[in-house]
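What's in data.cif: mmCIF, C-alpha atoms
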```
data_my_file
#
loop_
_atom_site.label_atom_id
_atom_site.label_comp_id
_atom_site.auth_asym_id
_atom_site.auth_seq_id
_atom_site.Cartn_x
_atom_site.Cartn_y
_atom_site.Cartn_z
CA MET A 765 0.00 0.00 0.00
CA SER A 766 1.49 3.37 -1.02
CA ALA A 767 1.92 6.40 1.25
CA SER A 768 -0.96 8.17 -0.50
CA GLN A 769 -3.19 5.12 0.05
CA THR A 770 -2.49 5.08 3.81
CA SER A 771 -2.88 8.84 4.32
CA ASP A 772 -6.45 8.66 5.64
CA VAL A 773 -7.17 4.98 6.29
CA PRO A 774 -7.79 3.79 9.87
CA THR A 775 -4.60 2.55 11.55
CA LEU A 776 -3.60 1.17 14.94
CA LEU A 777 -0.49 2.16 16.86
CA VAL A 778 0.58 -0.90 18.86
CA LYS A 779 3.09 -0.12 21.60
CA ILE A 780 4.87 -2.81 23.63
CA PHE A 781 7.21 -1.93 26.49
CA GLY A 782 9.03 -3.67 29.30
CA LYS A 783 12.18 -5.70 29.97
CA ASP A 784 13.99 -6.59 26.76
CA ARG A 785 14.56 -10.21 25.80
CA PRO A 786 14.98 -12.20 22.58
CA GLY A 787 11.87 -12.86 20.48
CA ILE A 788 9.68 -9.87 21.38
CA THR A 789 9.52 -8.39 17.88
CA ALA A 790 8.90 -11.75 16.24
CA GLY A 791 6.26 -12.58 18.85
CA LEU A 792 4.35 -9.33 18.30
CA PHE A 793 4.19 -9.72 14.55
CA ASP A 794 3.31 -13.40 14.81
CA THR A 795 0.36 -12.29 16.96
CA LEU A 796 -0.67 -9.58 14.50
CA ALA A 797 -0.31 -11.89 11.49
CA ALA A 798 -3.54 -13.69 12.41
CA TYR A 799 -5.50 -10.47 11.73
CA SER A 800 -4.33 -9.74 8.16
CA VAL A 801 -2.95 -6.29 8.97
CA ASP A 802 -0.28 -4.52 6.90
CA VAL A 803 2.76 -2.93 8.52
CA VAL A 804 2.97 0.83 7.92
CA ASP A 805 5.86 1.72 10.24
CA ILE A 806 8.05 0.19 12.97
CA GLU A 807 10.21 1.83 15.65
CA GLN A 808 12.18 0.04 18.35
CA VAL A 809 14.39 1.48 21.09
CA VAL A 810 16.29 -0.34 23.83
CA THR A 811 17.66 1.68 26.75
CA ARG A 812 19.34 0.05 29.75
CA GLY A 813 17.62 -3.24 29.07
CA ARG A 814 14.13 -1.76 28.60
CA ILE A 815 12.47 -2.00 25.19
CA VAL A 816 9.86 0.22 23.57
CA LEU A 817 8.51 -1.36 20.38
CA CYS A 818 5.97 0.56 18.28
CA ALA A 819 4.19 -0.91 15.26
CA LEU A 820 1.84 1.16 13.12
CA VAL A 821 -0.50 -1.23 11.28
CA THR A 822 -3.66 -1.01 9.19
CA GLN A 823 -6.98 -1.71 10.88
CA PRO A 824 -8.00 -5.39 10.76
CA PRO A 825 -11.10 -6.51 8.88
CA ALA A 826 -14.46 -5.44 10.30
CA GLY A 827 -15.38 -7.02 13.58
CA MET A 828 -11.85 -8.21 14.38
CA GLU A 829 -10.35 -5.16 16.12
CA GLY A 830 -11.67 -6.07 19.55
CA ASP A 831 -10.28 -9.57 19.29
CA LEU A 832 -6.91 -8.19 18.08
CA ARG A 833 -6.70 -5.86 21.07
CA ALA A 834 -7.53 -8.63 23.54
CA THR A 835 -5.05 -11.04 21.95
CA VAL A 836 -2.18 -8.51 21.92
CA HIS A 837 -2.77 -7.60 25.58
CA SER A 838 -2.97 -11.27 26.54
CA TRP A 839 0.27 -12.05 24.67
CA ALA A 840 2.05 -9.09 26.29
CA GLU A 841 0.96 -10.16 29.77
CA SER A 842 2.15 -13.70 29.10
CA ILE A 843 5.71 -12.41 28.66
CA LYS A 844 5.42 -9.84 31.48
CA MET A 845 5.24 -6.87 29.09
CA GLN A 846 2.77 -4.01 28.83
CA ALA A 847 0.77 -3.11 25.74
CA GLU A 848 -0.99 0.02 24.56
CA ILE A 849 -3.08 0.25 21.38
CA ILE A 850 -4.21 3.61 19.97
CA SER A 851 -6.63 4.09 17.08
CA GLY A 852 -5.99 6.78 14.50
CA LYS A 853 -5.75 7.54 10.81
CA GLY A 854 -2.92 7.31 8.34
CA ASP A 855 0.83 7.32 8.71
CA ASN A 856 3.16 9.72 10.56
CA ARG A 857 2.72 13.32 9.50
CA PRO A 858 5.09 14.31 6.67
CA ARG A 859 8.48 15.64 7.74
CA GLY A 860 9.09 19.31 7.05
CA LEU A 861 11.44 20.53 4.37
CA GLY A 862 15.03 21.03 5.41
CA ARG A 863 16.57 17.98 7.01
CA SER A 864 19.67 18.02 9.18
CA LEU A 865 21.65 15.83 11.52
CA VAL A 866 22.73 17.50 14.74
CA THR A 867 25.55 15.71 16.56
CA VAL A 868 26.14 16.79 20.15
CA LEU A 869 29.36 15.80 21.95
CA GLY A 870 29.66 16.23 25.70
CA HIS A 871 32.21 15.24 28.31
CA PRO A 872 29.87 14.91 30.14
CA LEU A 873 26.63 15.68 28.30
CA THR A 874 24.40 17.29 30.92
CA SER A 875 20.62 17.27 31.00
CA GLU A 876 20.68 21.08 31.06
CA ALA A 877 22.68 21.20 27.82
CA THR A 878 20.42 18.62 26.17
CA ALA A 879 17.31 20.54 27.18
CA SER A 880 18.70 23.75 25.74
CA VAL A 881 19.68 22.11 22.44
CA ALA A 882 16.19 20.62 22.07
CA ALA A 883 14.56 23.97 22.89
CA ARG A 884 16.69 25.86 20.37
CA ILE A 885 15.81 23.37 17.65
CA THR A 886 12.13 23.99 18.38
CA GLN A 887 12.59 27.77 18.49
CA ALA A 888 14.30 27.66 15.10
CA GLY A 889 11.23 25.98 13.62
CA GLY A 890 12.64 22.48 13.60
CA ASN A 891 11.13 19.18 14.69
CA ILE A 892 13.16 16.39 16.30
CA ASP A 893 12.23 13.25 14.39
CA ARG A 894 14.64 10.84 16.04
CA ILE A 895 17.41 10.76 18.65
CA PHE A 896 20.17 8.17 18.64
CA ARG A 897 23.24 7.69 20.81
CA LEU A 898 26.38 7.23 18.76
CA ALA A 899 28.85 6.73 21.60
CA LYS A 900 29.34 6.81 25.33
CA TYR A 901 33.16 6.76 25.23
CA PRO A 902 35.46 8.72 25.17
CA VAL A 903 32.65 11.28 25.04
CA THR A 904 28.87 10.99 25.01
CA ALA A 905 27.75 11.55 21.41
CA VAL A 906 24.08 11.91 20.54
CA GLU A 907 22.57 12.49 17.10
CA PHE A 908 19.31 14.36 16.51
CA ALA A 909 17.53 13.95 13.17
CA VAL A 910 15.78 17.28 12.58
CA SER A 911 13.36 18.46 9.91
CA GLY A 912 11.55 21.69 9.15
CA VAL A 913 14.48 24.12 9.22
CA GLU A 914 17.40 24.75 6.87
CA THR A 915 20.81 23.47 7.95
CA GLU A 916 22.57 26.86 8.03
CA ALA A 917 19.81 28.46 10.10
CA LEU A 918 19.91 25.56 12.54
CA ARG A 919 23.70 25.74 12.83
CA THR A 920 23.49 29.46 13.63
CA ALA A 921 20.79 28.88 16.24
CA LEU A 922 22.91 26.31 18.10
CA VAL A 923 26.22 28.18 18.17
CA THR A 924 25.59 29.88 21.50
CA ASP A 925 24.70 26.61 23.23
CA ALA A 926 28.04 25.07 22.24
CA ALA A 927 29.95 27.87 23.93
CA ARG A 928 27.61 28.21 26.90
CA PHE A 929 27.59 24.55 27.90
CA ARG A 930 31.09 23.66 26.68
CA ILE A 931 29.78 21.03 24.31
CA ASP A 932 30.53 20.46 20.64
CA ILE A 933 27.67 20.67 18.16
CA ALA A 934 27.92 19.71 14.51
CA VAL A 935 25.06 20.40 12.11
CA VAL A 936 25.19 18.82 8.65
CA ALA A 937 22.62 18.32 5.95
CA ALA A 938 21.04 14.87 6.07
CA GLY A 939 21.19 12.63 3.03
CA LEU A 940 23.13 9.86 1.39
CA TYR A 941 26.16 12.06 0.78
CA ARG A 942 27.03 12.04 4.47
CA ARG A 943 27.91 8.37 4.40
CA ALA A 944 29.62 8.89 1.05
CA GLN A 945 32.30 11.26 2.40
CA ARG A 946 35.17 9.11 1.26
CA LEU A 947 38.21 11.38 1.75
CA VAL A 948 39.45 12.86 5.02
CA VAL A 949 42.41 15.27 4.95
CA MET A 950 43.94 16.65 8.12
CA ASP A 951 46.60 19.03 9.29
CA VAL A 952 49.54 17.46 11.13
CA ASP A 953 51.00 19.76 13.79
CA SER A 954 48.65 20.05 16.82
CA THR A 955 46.05 17.99 14.96
CA LEU A 956 47.30 14.54 13.95
CA ILE A 957 50.19 14.96 16.36
CA GLN A 958 50.50 16.85 19.64
CA ASP A 959 53.67 18.67 18.62
CA GLU A 960 54.84 21.45 16.33
CA VAL A 961 57.53 19.70 14.31
CA ILE A 962 59.62 22.78 13.68
CA GLU A 963 59.81 23.32 17.43
CA LEU A 964 61.16 19.80 17.86
CA PHE A 965 63.90 20.64 15.35
CA ALA A 966 64.47 23.99 17.05
CA ALA A 967 65.01 22.30 20.42
CA HIS A 968 67.98 20.46 18.90
CA ALA A 969 69.28 23.72 17.38
CA GLY A 970 68.94 25.65 20.64
CA CYS A 971 66.49 28.21 19.23
CA GLU A 972 63.19 26.79 20.50
CA ASP A 973 61.92 30.00 22.10
CA GLN A 974 62.47 32.12 19.01
CA VAL A 975 60.77 29.57 16.75
CA ALA A 976 57.82 29.05 19.11
CA GLU A 977 57.15 32.79 19.21
CA VAL A 978 57.02 33.04 15.42
CA THR A 979 54.90 29.86 15.16
CA ALA A 980 52.31 31.18 17.61
CA ALA A 981 51.99 34.47 15.74
CA ALA A 982 51.58 32.64 12.43
CA MET A 983 48.89 30.31 13.81
CA ARG A 984 46.97 33.32 15.12
CA GLY A 985 46.99 34.76 11.62
CA GLU A 986 49.21 37.68 12.58
CA LEU A 987 52.02 36.78 10.19
CA ASP A 988 52.18 35.63 6.59
CA PHE A 989 52.82 31.90 6.79
CA GLU A 990 55.42 31.71 4.02
CA GLN A 991 57.47 34.53 5.51
CA SER A 992 57.28 32.97 8.96
CA LEU A 993 58.25 29.58 7.53
CA HIS A 994 61.41 30.94 5.94
CA ALA A 995 62.27 32.88 9.10
CA ARG A 996 61.93 29.80 11.31
CA VAL A 997 63.72 27.41 8.98
CA ALA A 998 66.63 29.84 8.67
CA LEU A 999 67.27 29.35 12.38
CA LEU A 1000 67.97 25.65 11.71
CA GLU A 1001 70.93 26.32 9.41
CA GLY A 1002 73.85 24.03 10.11
CA LEU A 1003 71.87 21.44 12.07
CA ASP A 1004 73.11 17.91 11.39
CA ALA A 1005 70.66 15.84 9.29
CA SER A 1006 70.94 12.96 11.76
CA VAL A 1007 68.58 14.90 14.00
CA ILE A 1008 65.71 13.94 11.66
CA ASP A 1009 65.54 10.41 13.10
CA LYS A 1010 65.52 11.87 16.62
CA VAL A 1011 62.64 14.20 15.77
CA ARG A 1012 60.65 11.34 14.24
CA SER A 1013 61.02 9.38 17.46
CA GLU A 1014 59.87 12.38 19.51
CA VAL A 1015 56.62 12.93 17.60
CA ARG A 1016 53.57 12.13 19.75
CA LEU A 1017 50.33 11.17 18.05
CA THR A 1018 47.18 12.87 19.31
CA PRO A 1019 45.00 10.54 21.44
CA GLY A 1020 42.59 8.75 19.13
CA ALA A 1021 44.64 9.39 15.98
CA ARG A 1022 45.37 5.72 15.28
CA THR A 1023 41.75 4.79 15.99
CA LEU A 1024 40.48 7.51 13.65
CA ILE A 1025 42.67 6.44 10.76
CA ARG A 1026 42.25 2.70 11.30
CA THR A 1027 38.45 3.03 11.43
CA LEU A 1028 38.24 5.25 8.38
CA LYS A 1029 40.43 2.90 6.38
CA ARG A 1030 38.43 -0.15 7.44
CA LEU A 1031 35.23 1.62 6.36
CA GLY A 1032 36.62 2.41 2.92
CA TYR A 1033 37.66 6.04 3.36
CA GLN A 1034 40.87 7.47 1.95
CA VAL A 1035 42.94 9.53 4.36
CA GLY A 1036 45.62 12.15 3.79
CA VAL A 1037 47.63 14.83 5.55
CA VAL A 1038 48.81 18.27 4.48
CA SER A 1039 51.30 20.12 6.60
CA GLY A 1040 53.22 23.35 6.88
CA GLY A 1041 55.83 21.11 8.48
CA PHE A 1042 58.24 18.87 6.67
CA THR A 1043 58.21 15.80 4.44
CA GLN A 1044 61.05 14.39 6.51
CA VAL A 1045 58.36 13.72 9.15
CA THR A 1046 55.13 13.40 7.16
CA ASP A 1047 56.57 10.73 4.85
CA ASP A 1048 57.38 8.68 7.95
CA LEU A 1049 53.85 9.21 9.31
CA LYS A 1050 52.37 8.20 5.97
CA GLU A 1051 54.23 4.90 6.06
CA ARG A 1052 53.55 4.19 9.75
CA LEU A 1053 49.85 4.99 9.63
CA GLY A 1054 49.01 3.70 6.14
CA LEU A 1055 47.92 7.09 4.80
CA ASP A 1056 46.90 7.48 1.18
CA PHE A 1057 48.21 11.02 0.69
CA ALA A 1058 50.82 13.23 2.35
CA GLN A 1059 52.30 16.56 1.36
CA ALA A 1060 54.46 19.06 3.26
CA ASN A 1061 57.44 21.36 2.84
CA THR A 1062 60.89 19.83 2.39
CA LEU A 1063 63.95 20.86 4.35
CA GLU A 1064 66.98 21.30 2.10
CA ILE A 1065 69.95 19.17 3.09
CA VAL A 1066 73.46 19.62 1.66
CA ASP A 1067 76.49 17.60 2.78
CA GLY A 1068 74.55 16.14 5.67
CA LYS A 1069 73.51 19.52 7.08
CA LEU A 1070 70.28 21.53 7.02
CA THR A 1071 70.84 24.65 4.92
CA GLY A 1072 68.14 26.74 6.59
CA ARG A 1073 66.03 26.67 3.43
CA VAL A 1074 63.10 24.67 2.03
CA THR A 1075 62.82 23.32 -1.48
CA GLY A 1076 59.92 22.72 -3.85
CA GLU A 1077 56.29 23.75 -3.57
CA ILE A 1078 55.45 25.72 -0.43
CA VAL A 1079 52.54 24.30 1.57
CA ASP A 1080 50.88 27.36 3.06
CA ARG A 1081 47.24 28.34 3.70
CA ALA A 1082 46.31 28.46 0.01
CA GLY A 1083 48.48 25.42 -0.69
CA LYS A 1084 46.55 23.27 1.76
CA ALA A 1085 43.26 24.01 0.00
CA ARG A 1086 44.92 23.36 -3.34
CA LEU A 1087 46.21 20.01 -2.12
CA LEU A 1088 42.78 19.04 -0.76
CA ARG A 1089 41.39 19.56 -4.27
CA ARG A 1090 44.27 17.61 -5.79
CA PHE A 1091 43.85 14.68 -3.41
CA ALA A 1092 40.07 14.66 -4.04
CA ALA A 1093 40.63 14.55 -7.80
CA GLU A 1094 43.15 11.71 -7.46
CA ALA A 1095 40.79 9.82 -5.15
CA GLY A 1096 37.83 10.38 -7.48
CA VAL A 1097 35.85 12.05 -4.68
CA PRO A 1098 33.74 15.20 -5.20
CA LEU A 1099 34.93 18.09 -3.05
CA SER A 1100 31.50 18.19 -1.41
CA GLN A 1101 32.20 14.70 -0.04
CA THR A 1102 35.49 15.55 1.65
CA VAL A 1103 36.27 16.24 5.29
CA ALA A 1104 39.09 18.53 6.41
CA ILE A 1105 40.44 18.78 9.97
CA GLY A 1106 42.75 21.48 11.29
CA ASP A 1107 43.54 23.83 14.14
CA GLY A 1108 45.33 26.91 12.80
CA ALA A 1109 44.65 29.97 10.66
CA ASN A 1110 46.60 28.43 7.79
CA ASP A 1111 44.01 25.61 7.70
CA LEU A 1112 41.05 27.94 7.09
CA ASP A 1113 41.02 27.78 3.27
CA MET A 1114 41.13 23.99 3.42
CA LEU A 1115 38.36 23.81 6.03
CA ASN A 1116 36.12 26.11 4.00
CA ALA A 1117 36.78 24.25 0.74
CA ALA A 1118 35.83 20.84 2.16
CA GLY A 1119 32.32 19.48 2.35
CA LEU A 1120 32.77 19.40 6.12
CA GLY A 1121 35.44 21.48 7.84
CA VAL A 1122 36.23 20.50 11.43
CA ALA A 1123 38.17 22.81 13.77
CA PHE A 1124 40.01 20.53 16.19
CA ASN A 1125 40.97 22.21 19.50
CA ALA A 1126 41.47 25.25 17.35
CA LYS A 1127 42.24 28.91 17.78
CA PRO A 1128 39.14 31.15 18.15
CA VAL A 1129 39.39 32.54 14.61
CA VAL A 1130 39.33 28.99 13.25
CA ARG A 1131 36.44 27.79 15.45
CA GLU A 1132 34.32 30.71 14.31
CA ALA A 1133 34.96 30.08 10.61
CA ALA A 1134 34.77 26.27 10.43
CA HIS A 1135 31.58 24.29 9.82
CA THR A 1136 31.93 22.69 13.23
CA ALA A 1137 34.40 22.39 16.10
CA VAL A 1138 35.63 19.61 18.36
CA ASN A 1139 37.09 20.77 21.66
CA VAL A 1140 37.85 17.47 23.40
CA PRO A 1141 41.39 16.04 23.17
CA PHE A 1142 40.39 12.86 21.30
CA LEU A 1143 40.83 12.94 17.53
CA ASP A 1144 38.63 9.89 17.00
CA THR A 1145 35.56 11.87 18.13
CA VAL A 1146 35.52 13.22 14.57
CA LEU A 1147 34.13 9.80 13.61
CA TYR A 1148 30.88 10.62 15.39
CA LEU A 1149 30.42 13.72 13.23
CA LEU A 1150 30.38 11.34 10.28
CA GLY A 1151 27.63 9.23 11.86
CA ILE A 1152 30.03 6.40 12.71
CA THR A 1153 29.03 4.77 15.98
CA ARG A 1154 31.28 3.49 18.76
CA GLU A 1155 30.14 -0.04 17.91
CA GLU A 1156 31.44 0.42 14.36
CA VAL A 1157 34.74 1.71 15.74
CA GLU A 1158 35.09 -1.36 17.92
CA ALA A 1159 34.13 -3.62 15.02
CA ALA A 1160 36.87 -2.01 12.93
CA ASP A 1161 39.32 -2.67 15.75
CA THR A 1162 38.27 -6.32 15.78
CA LEU A 1163 38.80 -6.60 12.04
CA ALA A 1164 42.19 -4.92 12.39
CA GLY A 1165 43.20 -7.70 14.78
CA ASP A 1166 42.17 -10.52 12.43
#
```
Can the structure from this file be put into structure tokens for me?
Amino acid sequence: MSASQTSDVPTLLVKIFGKDRPGITAGLFDTLAAYSVDVVDIEQVVTRGRIVLCALVTQPPAGMEGDLRATVHSWAESIKMQAEIISGKGDNRPRGLGRSLVTVLGHPLTSEATASVAARITQAGGNIDRIFRLAKYPVTAVEFAVSGVETEALRTALVTDAARFRIDIAVVAAGLYRRAQRLVVMDVDSTLIQDEVIELFAAHAGCEDQVAEVTAAAMRGELDFEQSLHARVALLEGLDASVIDKVRSEVRLTPGARTLIRTLKRLGYQVGVVSGGFTQVTDDLKERLGLDFAQANTLEIVDGKLTGRVTGEIVDRAGKARLLRRFAAEAGVPLSQTVAIGDGANDLDMLNAAGLGVAFNAKPVVREAAHTAVNVPFLDTVLYLLGITREEVEAADTLAGD
């Protein structure tokens, strides 16, 4: 029976609730099968071992509704469940235009924050169609399916709640494309790794303070990146090239980085990095982590010494966006189906060019400009913004161990 055919026909909403156990769904529909009803809709939720099962079915043939009601109640009582049956007409009311997925990350996620998010969705003209928990570790991640309001308007309405309650809120348009985002490209320094690579080199050259000062100004957007790059690299002149292996060993991955990449790869995504750092480190990361793409600046080495210069194409703010487009073309992925992750001002063009730009523990200027922000120290929480559940993450881990 088509949607138009069920729009005004009598229907019954059969609701079963109680302690969950195997066979409840099959038992309900076995009971209903004797009354020649058609299934219009089904919803089932299990929370802390308690099940709520709702079945919307067409009205049985004349004279049989009373018997159906009595039989369903009797069956429910026999398995120590409760039943409720409500008469009505038609299917669920049509969802409004404008459909979005709102992912809320909290550590913890308080009831006050949840109440405010729900209220703001309503105030913006939206309706919450469904709520689903994506994860309880390392953060609580909950997804709201919302209709009736455009994505951009909803994102704007929820911005203040994110800051007020110290939660992360991502709002993306619903649709098949979300699951089809097949390329993820991320920054390296202070994103994939916890360090600034040039500062690791500088520590060996004895100029760490000077380099850190220039780096901080560049990340805040106060200095032209290319000029700051040349100024910092110049301080490394004369450093022995053997220090590269030492720096590689000192690099610390961000918590959740391996999980993020392993899960994405197991689910068929391609993953790359772009960095204002150096290929001497990113090439090693690419090999260690199984990345598909990697591009960075290259330190010039002559006679076993760093010259204080870089060679080849400069990877700066514009360069990162250019490389995102190049990687997407090589991967055969539309730009609208890419995800970019970064923390600094030189990541902004890349974040804005991607289908979804994620500011990860970023500077204020970056958080304000990105599509969404993550402010917990676990890189794998980005998976939840893609609708990937904790169960899928754990399943990917299991496969990785096979």
For the interface of stretch 995-1028 of chain A with stretch 955-972 of chain A (cut-off 8 Å, counting all atoms listed in the file), please tabulate each contacting residue of stretch 995-1028 of chain A alongside its nearest pair of atoms and their separation in Å to one decimal, rows sorted by chain and increasing number, as CSV.
```
residue,atom,partner,partner_atom,distance
A:Arg996,CA,A:Ile962,CA,7.8
A:Val997,CA,A:Ile962,CA,7.8
A:Leu999,CA,A:Cys971,CA,7.0
A:Leu1000,CA,A:Ala969,CA,6.1
A:Leu1003,CA,A:Ala969,CA,6.3
A:Val1007,CA,A:His968,CA,7.4
A:Ile1008,CA,A:Phe965,CA,7.9
A:Val1011,CA,A:Leu964,CA,6.2
A:Glu1014,CA,A:Leu964,CA,7.7
A:Val1015,CA,A:Asp959,CA,6.5
A:Arg1016,CA,A:Ile957,CA,5.6
A:Leu1017,CA,A:Ile957,CA,4.2
A:Thr1018,CA,A:Ile957,CA,4.7
A:Ala1021,CA,A:Leu956,CA,6.1
```
Proximity check stretch 907-966 of chain A to stretch 1127-1144 of chain A, 9 Å, nearest pairs one decimal Å, all atoms listed in the file, as JSON lines:
```
{"residue": "A:Arg919", "atom": "CA", "partner": "A:His1135", "partner_atom": "CA", "distance": 8.6}
{"residue": "A:Arg930", "atom": "CA", "partner": "A:Asn1139", "partner_atom": "CA", "distance": 8.3}
{"residue": "A:Ile931", "atom": "CA", "partner": "A:Asn1139", "partner_atom": "CA", "distance": 7.8}
{"residue": "A:Asp932", "atom": "CA", "partner": "A:Val1138", "partner_atom": "CA", "distance": 5.7}
{"residue": "A:Ile933", "atom": "CA", "partner": "A:Thr1136", "partner_atom": "CA", "distance": 6.8}
{"residue": "A:Ala934", "atom": "CA", "partner": "A:Thr1136", "partner_atom": "CA", "distance": 5.2}
{"residue": "A:Val935", "atom": "CA", "partner": "A:Thr1136", "partner_atom": "CA", "distance": 7.3}
{"residue": "A:Val936", "atom": "CA", "partner": "A:His1135", "partner_atom": "CA", "distance": 8.5}
{"residue": "A:Thr955", "atom": "CA", "partner": "A:Leu1143", "partner_atom": "CA", "distance": 7.7}
{"residue": "A:Leu956", "atom": "CA", "partner": "A:Leu1143", "partner_atom": "CA", "distance": 7.6}
```
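The residues returned by the PyMOL selection byres ((chain A and resi 773) around 6) on the shown structure are Thr770, Asp772, Pro774, Lys853 and Gly854 of chain A.
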- [ ] Using the chain letters and numbering of this document, enumerate as an MDAnalysis selection string the residues selected by the PyMOL selection byres ((chain A and resi 908) around 9).
- [x] chainID A and resid 864:868 882 892:897 906:907 909:910
Could you dump the residues just selected with C-alpha atoms as a PDB file, keeping the file's coordinate frame?
```pdb
ATOM      1  CA  SER A 864      19.670  18.020   9.180  1.00  0.00           C
ATOM      2  CA  LEU A 865      21.650  15.830  11.520  1.00  0.00           C
ATOM      3  CA  VAL A 866      22.730  17.500  14.740  1.00  0.00           C
ATOM      4  CA  THR A 867      25.550  15.710  16.560  1.00  0.00           C
ATOM      5  CA  VAL A 868      26.140  16.790  20.150  1.00  0.00           C
ATOM      6  CA  ALA A 882      16.190  20.620  22.070  1.00  0.00           C
ATOM      7  CA  ILE A 892      13.160  16.390  16.300  1.00  0.00           C
ATOM      8  CA  ASP A 893      12.230  13.250  14.390  1.00  0.00           C
ATOM      9  CA  ARG A 894      14.640  10.840  16.040  1.00  0.00           C
ATOM     10  CA  ILE A 895      17.410  10.760  18.650  1.00  0.00           C
ATOM     11  CA  PHE A 896      20.170   8.170  18.640  1.00  0.00           C
ATOM     12  CA  ARG A 897      23.240   7.690  20.810  1.00  0.00           C
ATOM     13  CA  VAL A 906      24.080  11.910  20.540  1.00  0.00           C
ATOM     14  CA  GLU A 907      22.570  12.490  17.100  1.00  0.00           C
ATOM     15  CA  ALA A 909      17.530  13.950  13.170  1.00  0.00           C
ATOM     16  CA  VAL A 910      15.780  17.280  12.580  1.00  0.00           C
TER      17      VAL A 910
END
```
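When all atoms listed in the file are used to measure the gap to A:Ala879, the shortest distance among A:Arg1089, A:Tyr901, A:Gln846, A:Phe929 belongs to A:Phe929.
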Task: Close residues, A:Leu1087 itself excluded, 9 Å, all atoms listed in the file, min 4 positions apart in chain, as a ChimeraX atom specification - done: /A:1038,1059,1079,1082-1083,1091-1092,1114
TODO: Considering only C-alpha atoms, return as a PyMOL selection string whatever protein or nucleic-acid residues lie within 12 Å of A:Lys1084, sequence-local ones (same chain, fewer than 5 positions apart) excluded.
DONE: chain A and resi 949-952+989+1036-1041+1058-1061+1077-1079+1089-1091+1104-1106+1108-1118
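Relative to atom CA of A:Arg1022, atom CA of A:Leu1055 is found at 10.9 Å.
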Provide an axis-aligned box for all listed atoms of stretch 991-1003 of chain A, padding each side by 3 Å; report its centre and its edge lengths in Å to one decimal, as lines of an AutoDock Vina configuration file.
```
center_x = 65.6
center_y = 28.0
center_z = 8.9
size_x = 22.6
size_y = 19.1
size_z = 12.9
```
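Comparing the minimum interatomic distances between A:Val881 and each of A:Leu1028, A:Leu1063, A:Ala790, A:Leu918, counting all atoms listed in the file, we find that A:Leu918 sits nearest.
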TODO: On this file, the PyMOL selection byres ((chain A and resi 798) around 12) gives some set of residues; write that set as a PyMOL selection string.
DONE: chain A and resi 791-797+799-802+824-825+828-829+831-832+835-836
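Proximity of A:Leu1049, A:Leu1147, A:Thr878, A:Asp1107 to A:Ala980, computed with all atoms listed in the file, is greatest for A:Asp1107.
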Since the input is missing atoms, can you rebuild N, CA, C and O atoms for stretch 1131-1139 of chain A and write them as a compact mmCIF listing (two decimals), in the frame of the given file?
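rebuild.txt, freshly written:
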```
# COMPACT_ATOMS: atom_id res chain seq x y z
N ARG A 1131 37.72 28.32 14.97
CA ARG A 1131 36.44 27.79 15.45
C ARG A 1131 35.26 28.56 14.88
O ARG A 1131 34.23 27.99 14.52
N GLU A 1132 35.41 29.87 14.79
CA GLU A 1132 34.32 30.71 14.31
C GLU A 1132 34.07 30.52 12.82
O GLU A 1132 32.93 30.67 12.36
N ALA A 1133 35.10 30.17 12.06
CA ALA A 1133 34.96 30.08 10.61
C ALA A 1133 34.65 28.68 10.11
O ALA A 1133 34.10 28.51 9.02
N ALA A 1134 34.98 27.66 10.89
CA ALA A 1134 34.77 26.27 10.43
C ALA A 1134 33.30 25.87 10.50
O ALA A 1134 32.50 26.52 11.17
N HIS A 1135 32.96 24.80 9.78
CA HIS A 1135 31.58 24.29 9.82
C HIS A 1135 31.21 23.81 11.21
O HIS A 1135 30.08 23.98 11.66
N THR A 1136 32.18 23.18 11.88
CA THR A 1136 31.93 22.69 13.23
C THR A 1136 33.26 22.60 13.97
O THR A 1136 34.34 22.69 13.36
N ALA A 1137 33.19 22.46 15.28
CA ALA A 1137 34.40 22.39 16.10
C ALA A 1137 34.33 21.22 17.06
O ALA A 1137 33.26 20.85 17.53
N VAL A 1138 35.49 20.65 17.34
CA VAL A 1138 35.63 19.61 18.36
C VAL A 1138 36.63 20.13 19.37
O VAL A 1138 37.76 20.49 19.01
N ASN A 1139 36.24 20.18 20.63
CA ASN A 1139 37.09 20.77 21.66
C ASN A 1139 37.45 19.79 22.76
O ASN A 1139 37.79 20.19 23.87
```
